[in-house]
$ cat my_file25.cif   # mmCIF, C-alpha atoms and all ligand atoms
data_data
loop_
_atom_site.label_atom_id
_atom_site.label_comp_id
_atom_site.auth_asym_id
_atom_site.auth_seq_id
_atom_site.Cartn_x
_atom_site.Cartn_y
_atom_site.Cartn_z
CA MET E 1 -14.37 6.23 30.25
CA LYS E 2 -17.16 8.70 29.41
CA GLU E 3 -20.06 8.62 31.89
CA THR E 4 -23.51 10.16 31.55
CA ASP E 5 -27.02 9.83 32.95
CA VAL E 6 -28.69 8.45 29.81
CA ILE E 7 -27.37 7.00 26.56
CA ILE E 8 -29.67 6.75 23.56
CA VAL E 9 -28.68 4.15 20.98
CA GLY E 10 -29.81 5.23 17.50
CA ALA E 11 -30.55 8.67 16.05
CA GLY E 12 -33.66 7.84 14.03
CA ILE E 13 -36.84 9.74 14.82
CA ALA E 14 -37.38 7.70 18.03
CA GLY E 15 -33.88 8.42 19.38
CA LEU E 16 -34.01 12.08 18.33
CA SER E 17 -37.40 12.52 19.98
CA ALA E 18 -36.05 10.93 23.19
CA ALA E 19 -33.02 13.26 23.07
CA ILE E 20 -35.25 16.33 22.64
CA TYR E 21 -37.30 15.33 25.71
CA LEU E 22 -34.19 14.51 27.77
CA LYS E 23 -32.63 17.87 26.90
CA ARG E 24 -35.55 19.55 28.66
CA SER E 25 -34.63 17.79 31.93
CA SER E 26 -31.65 18.38 34.23
CA LEU E 27 -30.05 15.07 33.22
CA SER E 28 -27.01 14.60 31.00
CA ALA E 29 -27.52 12.45 27.91
CA PHE E 30 -26.10 11.72 24.50
CA LEU E 31 -26.95 9.87 21.33
CA LEU E 32 -24.80 7.14 19.82
CA GLU E 33 -25.37 6.54 16.10
CA LYS E 34 -23.52 4.18 13.78
CA ALA E 35 -24.61 5.79 10.50
CA ALA E 36 -26.27 9.05 9.44
CA PRO E 37 -28.74 10.77 11.79
CA GLY E 38 -32.33 10.30 10.66
CA GLY E 39 -32.26 6.49 10.29
CA THR E 40 -34.93 4.86 8.13
CA LEU E 41 -36.54 8.19 7.23
CA LEU E 42 -33.54 8.92 5.03
CA ASN E 43 -34.78 6.19 2.67
CA VAL E 44 -38.47 7.09 2.67
CA HIS E 45 -39.52 8.89 -0.50
CA LYS E 46 -42.47 10.74 1.03
CA ILE E 47 -44.60 10.71 4.15
CA ASP E 48 -48.26 11.71 3.94
CA ASN E 49 -49.40 10.80 7.44
CA TYR E 50 -47.12 12.69 9.84
CA PRO E 51 -49.14 15.36 11.70
CA GLY E 52 -48.20 18.90 10.79
CA PHE E 53 -47.07 18.13 7.25
CA GLU E 54 -49.54 17.39 4.48
CA THR E 55 -46.69 15.63 2.73
CA ILE E 56 -42.96 15.66 3.43
CA PRO E 57 -39.97 13.74 2.01
CA GLY E 58 -38.52 11.39 4.67
CA PRO E 59 -35.03 12.95 4.47
CA GLU E 60 -36.52 16.43 5.06
CA LEU E 61 -38.39 15.25 8.18
CA ALA E 62 -35.15 13.61 9.39
CA GLU E 63 -33.15 16.76 8.72
CA LYS E 64 -35.68 19.01 10.49
CA THR E 65 -35.82 16.74 13.55
CA PHE E 66 -32.02 16.48 13.73
CA ALA E 67 -31.67 20.27 13.33
CA GLN E 68 -34.18 20.79 16.17
CA ALA E 69 -32.18 18.45 18.44
CA MET E 70 -28.88 20.14 17.54
CA ALA E 71 -30.36 23.61 18.13
CA LEU E 72 -31.33 22.49 21.64
CA GLY E 73 -27.73 21.36 22.26
CA VAL E 74 -28.27 17.59 22.17
CA GLU E 75 -24.94 15.72 22.31
CA TYR E 76 -24.34 13.35 19.45
CA GLU E 77 -21.48 10.91 18.83
CA TYR E 78 -20.62 8.39 16.17
CA GLY E 79 -20.60 4.85 17.62
CA ASN E 80 -21.56 1.36 16.50
CA VAL E 81 -22.87 -0.27 19.70
CA SER E 82 -21.68 -3.87 19.92
CA SER E 83 -22.79 -4.82 23.46
CA ILE E 84 -24.55 -3.54 26.56
CA ASP E 85 -24.03 -4.95 30.08
CA LYS E 86 -25.06 -3.88 33.54
CA ASN E 87 -22.82 -3.76 36.63
CA GLY E 88 -24.74 -2.72 39.75
CA ASP E 89 -26.67 0.41 38.81
CA LEU E 90 -24.50 1.29 35.83
CA PHE E 91 -24.79 0.16 32.23
CA GLU E 92 -21.65 -0.35 30.16
CA VAL E 93 -22.23 0.44 26.53
CA LYS E 94 -19.49 -0.77 24.22
CA THR E 95 -18.92 0.44 20.69
CA ASP E 96 -16.24 -0.81 18.30
CA VAL E 97 -13.79 1.72 19.77
CA GLU E 98 -15.04 2.98 23.14
CA THR E 99 -16.81 1.98 26.37
CA TYR E 100 -19.35 4.33 27.96
CA ARG E 101 -21.19 4.24 31.30
CA ALA E 102 -24.76 5.37 31.91
CA LYS E 103 -27.45 5.10 34.58
CA ALA E 104 -30.10 4.41 31.95
CA VAL E 105 -30.13 3.38 28.30
CA ILE E 106 -32.80 3.95 25.67
CA VAL E 107 -32.49 1.52 22.76
CA ALA E 108 -33.88 3.12 19.59
CA ALA E 109 -31.92 1.07 17.05
CA GLY E 110 -34.76 0.40 14.60
CA THR E 111 -34.83 -2.51 12.19
CA GLN E 112 -32.77 -3.83 9.32
CA ILE E 113 -33.71 -5.63 6.11
CA LYS E 114 -33.72 -9.44 6.34
CA GLN E 115 -31.05 -10.99 4.15
CA THR E 116 -32.39 -14.38 3.12
CA GLY E 117 -30.17 -15.01 0.15
CA PHE E 118 -30.61 -16.61 -3.28
CA PRO E 119 -27.94 -17.38 -5.88
CA GLY E 120 -26.57 -14.17 -7.41
CA GLN E 121 -27.98 -11.85 -4.71
CA LYS E 122 -24.58 -10.93 -3.25
CA GLU E 123 -22.71 -11.09 -6.54
CA PHE E 124 -24.95 -8.51 -8.23
CA LEU E 125 -25.20 -6.07 -5.30
CA GLY E 126 -24.80 -2.60 -6.84
CA ARG E 127 -25.05 -4.14 -10.33
CA GLY E 128 -28.79 -4.78 -10.34
CA ILE E 129 -29.51 -5.79 -6.74
CA SER E 130 -30.63 -2.91 -4.51
CA TYR E 131 -32.30 -2.64 -1.09
CA CYS E 132 -33.53 0.95 -1.40
CA ALA E 133 -35.90 2.21 -4.09
CA THR E 134 -35.59 5.85 -3.07
CA CYS E 135 -31.80 5.70 -3.20
CA ASP E 136 -31.36 3.72 -6.43
CA GLY E 137 -34.70 4.02 -8.26
CA ASN E 138 -33.36 6.64 -10.69
CA PHE E 139 -30.90 4.12 -12.17
CA TYR E 140 -33.89 2.13 -13.43
CA LYS E 141 -35.88 4.92 -15.13
CA GLY E 142 -37.75 3.42 -18.10
CA LYS E 143 -36.39 -0.08 -17.40
CA PRO E 144 -38.05 -3.29 -16.12
CA VAL E 145 -37.52 -4.20 -12.45
CA ALA E 146 -38.77 -6.71 -9.88
CA VAL E 147 -39.55 -6.25 -6.19
CA ILE E 148 -39.48 -9.35 -3.98
CA GLY E 149 -41.50 -9.14 -0.79
CA HIS E 150 -44.87 -9.60 0.83
CA GLU E 151 -45.19 -6.79 3.39
CA ASN E 152 -46.06 -3.06 3.40
CA ARG E 153 -42.47 -1.97 3.04
CA ALA E 154 -42.05 -3.82 -0.26
CA ALA E 155 -45.39 -2.43 -1.49
CA GLU E 156 -44.42 1.15 -0.57
CA GLU E 157 -41.04 0.92 -2.27
CA ALA E 158 -42.77 -0.60 -5.31
CA ILE E 159 -45.19 2.36 -5.52
CA TYR E 160 -42.23 4.70 -5.78
CA LEU E 161 -40.50 2.51 -8.37
CA ALA E 162 -43.65 2.04 -10.45
CA GLY E 163 -43.63 5.78 -11.15
CA LEU E 164 -40.19 5.48 -12.78
CA VAL E 165 -39.81 2.10 -14.43
CA SER E 166 -41.25 0.56 -17.62
CA SER E 167 -42.68 -2.49 -15.82
CA LEU E 168 -42.61 -3.97 -12.34
CA ASP E 169 -42.86 -7.65 -11.39
CA PHE E 170 -44.02 -7.94 -7.76
CA VAL E 171 -42.80 -11.34 -6.60
CA SER E 172 -43.94 -12.77 -3.25
CA GLN E 173 -42.83 -16.05 -1.78
CA GLU E 174 -45.26 -15.81 1.15
CA PRO E 175 -48.93 -14.75 1.43
CA LEU E 176 -49.30 -10.97 1.03
CA GLU E 177 -49.60 -8.94 4.25
CA ILE E 178 -50.17 -5.58 2.60
CA GLU E 179 -52.62 -2.85 3.61
CA GLU E 180 -55.59 -2.50 1.30
CA ASN E 181 -54.84 1.09 0.22
CA LEU E 182 -51.28 0.16 -0.81
CA LEU E 183 -52.35 -2.99 -2.61
CA SER E 184 -55.06 -1.22 -4.60
CA GLN E 185 -52.51 1.27 -5.98
CA HIS E 186 -50.69 -1.66 -7.57
CA GLN E 187 -53.76 -3.55 -8.68
CA ASN E 188 -54.91 -0.50 -10.67
CA ASN E 189 -51.51 -0.02 -12.32
CA PRO E 190 -51.09 -1.81 -15.68
CA LYS E 191 -47.29 -1.69 -15.30
CA VAL E 192 -47.41 -3.97 -12.22
CA HIS E 193 -47.59 -7.78 -12.55
CA PHE E 194 -48.09 -9.96 -9.46
CA HIS E 195 -46.44 -13.37 -9.01
CA SER E 196 -47.72 -14.71 -5.66
CA GLY E 197 -46.65 -17.84 -3.80
CA VAL E 198 -43.68 -18.44 -6.08
CA LYS E 199 -40.09 -19.43 -5.34
CA VAL E 200 -37.16 -17.18 -6.17
CA VAL E 201 -34.58 -19.41 -7.86
CA ALA E 202 -31.73 -17.04 -8.80
CA VAL E 203 -30.67 -13.88 -10.57
CA GLU E 204 -28.39 -13.99 -13.60
CA GLY E 205 -26.54 -11.55 -15.80
CA GLU E 206 -23.17 -10.65 -17.24
CA GLU E 207 -21.63 -7.26 -16.38
CA LYS E 208 -25.00 -6.38 -14.85
CA LEU E 209 -28.02 -8.37 -13.75
CA ASN E 210 -30.52 -9.02 -16.56
CA THR E 211 -32.76 -11.93 -15.43
CA LEU E 212 -34.75 -13.01 -12.39
CA ILE E 213 -35.62 -16.70 -12.41
CA ILE E 214 -38.70 -17.77 -10.46
CA GLU E 215 -40.55 -21.05 -10.07
CA GLU E 216 -44.27 -20.53 -10.63
CA GLU E 217 -46.81 -23.38 -10.63
CA GLY E 218 -44.08 -26.00 -10.96
CA SER E 219 -42.22 -24.49 -13.90
CA GLN E 220 -39.36 -22.01 -14.13
CA LYS E 221 -39.95 -18.54 -15.60
CA ARG E 222 -37.23 -16.11 -16.67
CA LEU E 223 -38.23 -12.50 -16.04
CA PRO E 224 -36.11 -10.03 -18.03
CA VAL E 225 -35.32 -7.27 -15.50
CA ASP E 226 -32.51 -4.74 -15.00
CA GLY E 227 -33.05 -4.37 -11.28
CA VAL E 228 -34.19 -6.58 -8.40
CA PHE E 229 -35.16 -5.21 -4.98
CA PRO E 230 -35.22 -8.05 -2.39
CA LEU E 231 -37.36 -6.59 0.41
CA PHE E 232 -38.22 -9.66 2.46
CA GLY E 233 -39.22 -7.66 5.50
CA GLU E 234 -37.38 -6.36 8.53
CA ARG E 235 -35.79 -7.75 11.64
CA SER E 236 -34.85 -6.03 14.88
CA SER E 237 -31.43 -4.35 15.16
CA ALA E 238 -31.08 -5.14 18.87
CA GLU E 239 -28.60 -8.05 18.66
CA PHE E 240 -26.26 -6.15 21.01
CA LEU E 241 -28.70 -6.81 23.88
CA SER E 242 -27.89 -10.52 24.06
CA ALA E 243 -26.74 -10.13 27.71
CA PHE E 244 -30.37 -9.56 28.70
CA LYS E 245 -33.55 -11.55 28.17
CA VAL E 246 -35.65 -8.62 27.01
CA THR E 247 -36.55 -9.51 23.44
CA ASN E 248 -39.25 -11.68 21.89
CA GLU E 249 -38.57 -14.60 19.51
CA ARG E 250 -38.17 -12.14 16.60
CA GLY E 251 -35.65 -9.97 18.47
CA TYR E 252 -38.03 -7.08 19.26
CA LEU E 253 -37.84 -5.54 22.74
CA ASN E 254 -40.71 -6.34 25.08
CA VAL E 255 -41.59 -3.12 26.88
CA SER E 256 -44.32 -1.90 29.22
CA ALA E 257 -46.58 1.08 28.49
CA ASN E 258 -43.76 3.27 29.88
CA ARG E 259 -41.39 1.74 27.30
CA GLU E 260 -39.44 0.00 30.09
CA THR E 261 -37.99 -3.46 29.67
CA GLU E 262 -37.78 -5.94 32.54
CA VAL E 263 -34.23 -4.69 33.23
CA ALA E 264 -34.36 -1.62 35.47
CA GLY E 265 -33.07 1.42 33.58
CA LEU E 266 -33.24 -0.19 30.14
CA PHE E 267 -35.87 1.33 27.83
CA GLY E 268 -36.90 0.82 24.22
CA ALA E 269 -38.41 3.14 21.60
CA GLY E 270 -39.44 3.05 17.96
CA ASP E 271 -39.38 0.24 15.42
CA VAL E 272 -37.11 -1.91 17.62
CA ILE E 273 -39.86 -2.58 20.19
CA ASN E 274 -42.56 -5.23 19.97
CA LYS E 275 -45.60 -3.36 18.59
CA THR E 276 -48.12 -3.43 15.78
CA LEU E 277 -47.67 -0.04 14.08
CA ARG E 278 -44.13 0.81 12.96
CA GLN E 279 -44.46 4.40 11.79
CA ALA E 280 -42.65 7.72 12.27
CA VAL E 281 -45.39 9.15 14.47
CA THR E 282 -45.42 6.15 16.83
CA ALA E 283 -41.59 6.09 16.92
CA ALA E 284 -41.55 9.76 17.96
CA ALA E 285 -44.16 9.05 20.65
CA ASP E 286 -42.16 6.05 21.93
CA GLY E 287 -39.06 8.27 22.20
CA ALA E 288 -40.97 10.81 24.29
CA GLU E 289 -42.41 8.08 26.57
CA ALA E 290 -39.05 6.34 27.00
CA ALA E 291 -37.25 9.61 27.80
CA THR E 292 -39.89 10.60 30.36
CA SER E 293 -39.62 7.18 32.04
CA ALA E 294 -35.81 7.33 31.98
CA ILE E 295 -35.86 10.79 33.59
CA LYS E 296 -38.07 9.48 36.43
CA TYR E 297 -35.90 6.38 36.85
CA VAL E 298 -32.57 8.26 37.01
CA ASN E 299 -33.91 10.95 39.34
CA LEU E 300 -35.14 8.24 41.74
CA LEU E 301 -31.77 6.47 41.54
CA LYS E 302 -29.96 9.72 42.37
CA LYS E 303 -32.26 10.37 45.35
CA LYS E 304 -31.51 6.93 46.79
CA LYS E 305 -27.76 7.65 46.89
C1 LIG Y 1 -40.19 2.31 2.57
C2 LIG Y 1 -40.71 2.85 3.85
C3 LIG Y 1 -41.78 3.74 3.86
C4 LIG Y 1 -42.28 4.23 5.05
N1 LIG Y 1 -43.32 5.10 5.01
C5 LIG Y 1 -43.78 5.66 6.15
C6 LIG Y 1 -44.84 6.61 6.13
O1 LIG Y 1 -45.37 6.96 5.08
N2 LIG Y 1 -45.24 7.13 7.32
C7 LIG Y 1 -44.68 6.79 8.51
O2 LIG Y 1 -45.06 7.34 9.53
N3 LIG Y 1 -43.70 5.87 8.57
C8 LIG Y 1 -43.23 5.30 7.42
N4 LIG Y 1 -42.24 4.35 7.47
C9 LIG Y 1 -41.77 3.87 8.78
C10 LIG Y 1 -40.85 4.87 9.48
O3 LIG Y 1 -39.86 5.29 8.57
C11 LIG Y 1 -40.23 4.17 10.68
O4 LIG Y 1 -41.25 3.64 11.51
C12 LIG Y 1 -39.39 5.12 11.54
O5 LIG Y 1 -38.54 5.91 10.75
C13 LIG Y 1 -38.59 4.32 12.57
O6 LIG Y 1 -37.82 5.16 13.34
P1 LIG Y 1 -36.84 4.58 14.48
O7 LIG Y 1 -36.16 5.78 15.06
O8 LIG Y 1 -37.56 3.67 15.36
O9 LIG Y 1 -35.80 3.66 13.72
P2 LIG Y 1 -34.75 4.05 12.59
O10 LIG Y 1 -35.16 5.24 11.84
O11 LIG Y 1 -34.46 2.80 11.85
O12 LIG Y 1 -33.46 4.49 13.42
C14 LIG Y 1 -32.63 3.58 14.08
C15 LIG Y 1 -31.23 4.15 14.10
O13 LIG Y 1 -30.42 3.34 14.95
C16 LIG Y 1 -29.14 3.20 14.37
N5 LIG Y 1 -28.53 1.97 14.87
C17 LIG Y 1 -28.92 0.69 14.65
N6 LIG Y 1 -28.09 -0.17 15.28
C18 LIG Y 1 -27.16 0.59 15.92
C19 LIG Y 1 -26.03 0.28 16.70
N7 LIG Y 1 -25.69 -0.98 16.97
N8 LIG Y 1 -25.27 1.31 17.20
C20 LIG Y 1 -25.61 2.61 16.92
N9 LIG Y 1 -26.67 2.95 16.15
C21 LIG Y 1 -27.44 1.96 15.66
C22 LIG Y 1 -29.44 3.12 12.87
O14 LIG Y 1 -28.30 3.45 12.10
C23 LIG Y 1 -30.57 4.14 12.72
O15 LIG Y 1 -30.10 5.43 12.40
C24 LIG Y 1 -41.70 3.85 6.29
C25 LIG Y 1 -40.61 2.97 6.29
C26 LIG Y 1 -40.12 2.47 5.09
C27 LIG Y 1 -38.94 1.56 5.12
#

$ encode --input "my_file25.cif" --output "structure tokens"
Amino acid sequence: MKETDVIIVGAGIAGLSAAIYLKRSSLSAFLLEKAAPGGTLLNVHKIDNYPGFETIPGPELAEKTFAQAMALGVEYEYGNVSSIDKNGDLFEVKTDVETYRAKAVIVAAGTQIKQTGFPGQKEFLGRGISYCATCDGNFYKGKPVAVIGHENRAAEEAIYLAGLVSSLDFVSQEPLEIEENLLSQHQNNPKVHFHSGVKVVAVEGEEKLNTLIIEEEGSQKRLPVDGVFPLFGERSSAEFLSAFKVTNERGYLNVSANRETEVAGLFGAGDVINKTLRQAVTAAADGAEAATSAIKYVNLLKKKK
């Protein structure tokens, strides 16, 4: 069984930032990642508010941060973490294939898109249903699409799509919670049509999806669209922490200012923690804070023995 001082779960910008800080200490550490390094940034078309870059595509920021970590000699392994337990002072981190031991764990697992489900949503996945505008937007160049959502993420993806498509129906089932500057970009765009407080009934099509059916003011409307992006918002990816009572009712980790949970040696960083601003810059800062706290914690633990 592989043992180390600190395991970081997730190689998004929070996990990579934590790994960069840990590498500068005397502790051993490695990253466990279930997909590609870079996390959510890989799906962000462009970032205009990360210090040091006037504007940068998300994948480029991810690639640069990963390259920096690799150049420093950060250890990185593939692993889909399924559970974390604690025995005495040691955490046991289980993936689908392996069990690891560590004195401290930093959870930087980010969020995932909520899957609420309406008739046709699963059936047309890859044939008109998509969860990522940056990845699939090009398939809908010059065609009509719909985005379903009510939060910033849906609005940001819709801004990217609106630059490509012939028309965009923005469908929200709940009251809009979108920042003013994002909302105004849509309100000034003649291609974008808002349908607020409506119910999504189903999607239909033949080979490919061709209709989104909504219920608006008591009657059904058929919107002719080639693509539908259901972006109902995010939920925490920390289900594997069910052995501990460290999350709030929405699954986000409750942490102190030092990014520590109530379990000694268990830290959280990035979008997975309970906070108000989920952005790259705050995720990177969380990673740095969590790593610094983990270094202090492990060094104290070692002194006691
Ligand atoms: C459309 C969109 C636009 C955005 N625009 C901006 C912007 O302009 N500016 C800005 O600053 N921010 C923006 N953001 C937010 C920013 O991308 C995120 O806040 C940031 O990338 C979160 O980083 P993270 O490391 O916390 O999580 P993530 O990047 O989500 O990384 C988490 C990682 O953990 C891995 N993981 C999850 N579960 C497990 C598991 N069980 N085992 C192993 N690995 C696991 C995931 O695969 C992932 O790689 C945007 C986000 C979106 C979606």

$ closest_residue --input "my_file25.cif" --among "E:Ser237, E:Thr261, E:Gln68, E:Thr55" --to "ligand LIG 1 (chain Y)" --atoms "only C-alpha atoms and all ligand atoms"
E:Ser237

$ residues_near_ligand --input "my_file25.cif" --ligand "ligand LIG 1 (chain Y)" --cutoff "6 Å" --atoms "only C-alpha atoms and all ligand atoms" --output "MDAnalysis selection string"
chainID E and resid 9:15 32:35 37:41 44 47:50 79:82 108:111 153 156:157 237 270:271 278:281 283

$ write_last_selection --input "my_file25.cif" --atoms "C-alpha atoms" --output "compact mmCIF listing (two decimals), in the coordinates of the input"
# COMPACT_ATOMS: atom_id res chain seq x y z
CA VAL E 9 -28.68 4.15 20.98
CA GLY E 10 -29.81 5.23 17.50
CA ALA E 11 -30.55 8.67 16.05
CA GLY E 12 -33.66 7.84 14.03
CA ILE E 13 -36.84 9.74 14.82
CA ALA E 14 -37.38 7.70 18.03
CA GLY E 15 -33.88 8.42 19.38
CA LEU E 32 -24.80 7.14 19.82
CA GLU E 33 -25.37 6.54 16.10
CA LYS E 34 -23.52 4.18 13.78
CA ALA E 35 -24.61 5.79 10.50
CA PRO E 37 -28.74 10.77 11.79
CA GLY E 38 -32.33 10.30 10.66
CA GLY E 39 -32.26 6.49 10.29
CA THR E 40 -34.93 4.86 8.13
CA LEU E 41 -36.54 8.19 7.23
CA VAL E 44 -38.47 7.09 2.67
CA ILE E 47 -44.60 10.71 4.15
CA ASP E 48 -48.26 11.71 3.94
CA ASN E 49 -49.40 10.80 7.44
CA TYR E 50 -47.12 12.69 9.84
CA GLY E 79 -20.60 4.85 17.62
CA ASN E 80 -21.56 1.36 16.50
CA VAL E 81 -22.87 -0.27 19.70
CA SER E 82 -21.68 -3.87 19.92
CA ALA E 108 -33.88 3.12 19.59
CA ALA E 109 -31.92 1.07 17.05
CA GLY E 110 -34.76 0.40 14.60
CA THR E 111 -34.83 -2.51 12.19
CA ARG E 153 -42.47 -1.97 3.04
CA GLU E 156 -44.42 1.15 -0.57
CA GLU E 157 -41.04 0.92 -2.27
CA SER E 237 -31.43 -4.35 15.16
CA GLY E 270 -39.44 3.05 17.96
CA ASP E 271 -39.38 0.24 15.42
CA ARG E 278 -44.13 0.81 12.96
CA GLN E 279 -44.46 4.40 11.79
CA ALA E 280 -42.65 7.72 12.27
CA VAL E 281 -45.39 9.15 14.47
CA ALA E 283 -41.59 6.09 16.92

$ atom_distance --input "my_file25.cif" --atom1 "atom CA of E:Gly117" --atom2 "atom CA of E:Val203"
10.8 Å

$ closest_residue --input "my_file25.cif" --among "E:Arg250, E:Arg101, E:His45, E:Lys64" --to "E:Ile8" --atoms "all atoms listed in the file"
E:Arg101

$ atom_distance --input "my_file25.cif" --atom1 "atom CA of E:Asp136" --atom2 "atom CA of E:Ala284"
27.1 Å

$ closest_atom_pairs --input "my_file25.cif" --of "stretch 226-280 of chain E" --to "stretch 294-303 of chain E" --cutoff "12 Å" --atoms "all atoms listed in the file" --output "CSV"
residue,atom,partner,partner_atom,distance
E:Asn258,CA,E:Ala294,CA,9.2
E:Arg259,CA,E:Ala294,CA,9.2
E:Glu260,CA,E:Ala294,CA,8.4
E:Thr261,CA,E:Ala294,CA,11.2
E:Val263,CA,E:Tyr297,CA,11.8
E:Ala264,CA,E:Tyr297,CA,8.3
E:Gly265,CA,E:Tyr297,CA,6.6
E:Leu266,CA,E:Ala294,CA,8.2
E:Phe267,CA,E:Ala294,CA,7.3
E:Gly268,CA,E:Ala294,CA,10.2
E:Ala269,CA,E:Ala294,CA,11.5

$ build_atoms --input "my_file25.cif" --residues "stretch 64-71 of chain E" --atoms "all heavy atoms" --output "CSV table (one decimal), in the coordinates of the input"
chain,number,residue,atom,x,y,z
E,64,LYS,N,-35.0,18.0,9.6
E,64,LYS,CA,-35.7,19.0,10.5
E,64,LYS,C,-35.6,18.6,11.9
E,64,LYS,O,-35.4,19.3,12.8
E,64,LYS,CB,-37.2,19.2,10.1
E,64,LYS,CG,-37.4,20.1,8.9
E,64,LYS,CD,-38.9,20.3,8.7
E,64,LYS,CE,-39.3,21.0,7.4
E,64,LYS,NZ,-38.8,22.3,7.3
E,65,THR,N,-35.8,17.2,12.2
E,65,THR,CA,-35.8,16.7,13.6
E,65,THR,C,-34.4,16.8,14.1
E,65,THR,O,-34.2,17.2,15.3
E,65,THR,CB,-36.4,15.3,13.6
E,65,THR,OG1,-37.5,15.2,12.8
E,65,THR,CG2,-36.7,14.9,15.0
E,66,PHE,N,-33.4,16.4,13.3
E,66,PHE,CA,-32.0,16.5,13.7
E,66,PHE,C,-31.6,17.9,14.0
E,66,PHE,O,-31.0,18.2,15.1
E,66,PHE,CB,-31.1,15.9,12.7
E,66,PHE,CG,-29.7,15.8,13.1
E,66,PHE,CD1,-29.3,15.0,14.2
E,66,PHE,CD2,-28.7,16.5,12.4
E,66,PHE,CE1,-28.0,15.0,14.6
E,66,PHE,CE2,-27.3,16.4,12.8
E,66,PHE,CZ,-27.0,15.6,13.9
E,67,ALA,N,-32.0,18.9,13.1
E,67,ALA,CA,-31.7,20.3,13.3
E,67,ALA,C,-32.3,20.8,14.6
E,67,ALA,O,-31.6,21.5,15.4
E,67,ALA,CB,-32.2,21.1,12.1
E,68,GLN,N,-33.5,20.4,14.9
E,68,GLN,CA,-34.2,20.8,16.2
E,68,GLN,C,-33.4,20.3,17.4
E,68,GLN,O,-33.1,21.0,18.3
E,68,GLN,CB,-35.6,20.2,16.2
E,68,GLN,CG,-36.4,20.6,17.4
E,68,GLN,CD,-37.8,19.9,17.5
E,68,GLN,OE1,-38.1,19.1,16.6
E,68,GLN,NE2,-38.6,20.3,18.4
E,69,ALA,N,-33.0,19.0,17.3
E,69,ALA,CA,-32.2,18.4,18.4
E,69,ALA,C,-30.8,19.2,18.6
E,69,ALA,O,-30.4,19.5,19.7
E,69,ALA,CB,-32.0,17.0,18.2
E,70,MET,N,-30.2,19.5,17.5
E,70,MET,CA,-28.9,20.1,17.5
E,70,MET,C,-29.0,21.6,18.1
E,70,MET,O,-28.2,22.0,18.9
E,70,MET,CB,-28.2,20.2,16.2
E,70,MET,CG,-27.8,18.8,15.6
E,70,MET,SD,-26.5,18.0,16.7
E,70,MET,CE,-27.6,16.8,17.5
E,71,ALA,N,-30.1,22.2,17.7
E,71,ALA,CA,-30.4,23.6,18.1
E,71,ALA,C,-30.6,23.6,19.6
E,71,ALA,O,-30.2,24.6,20.3
E,71,ALA,CB,-31.6,24.2,17.4
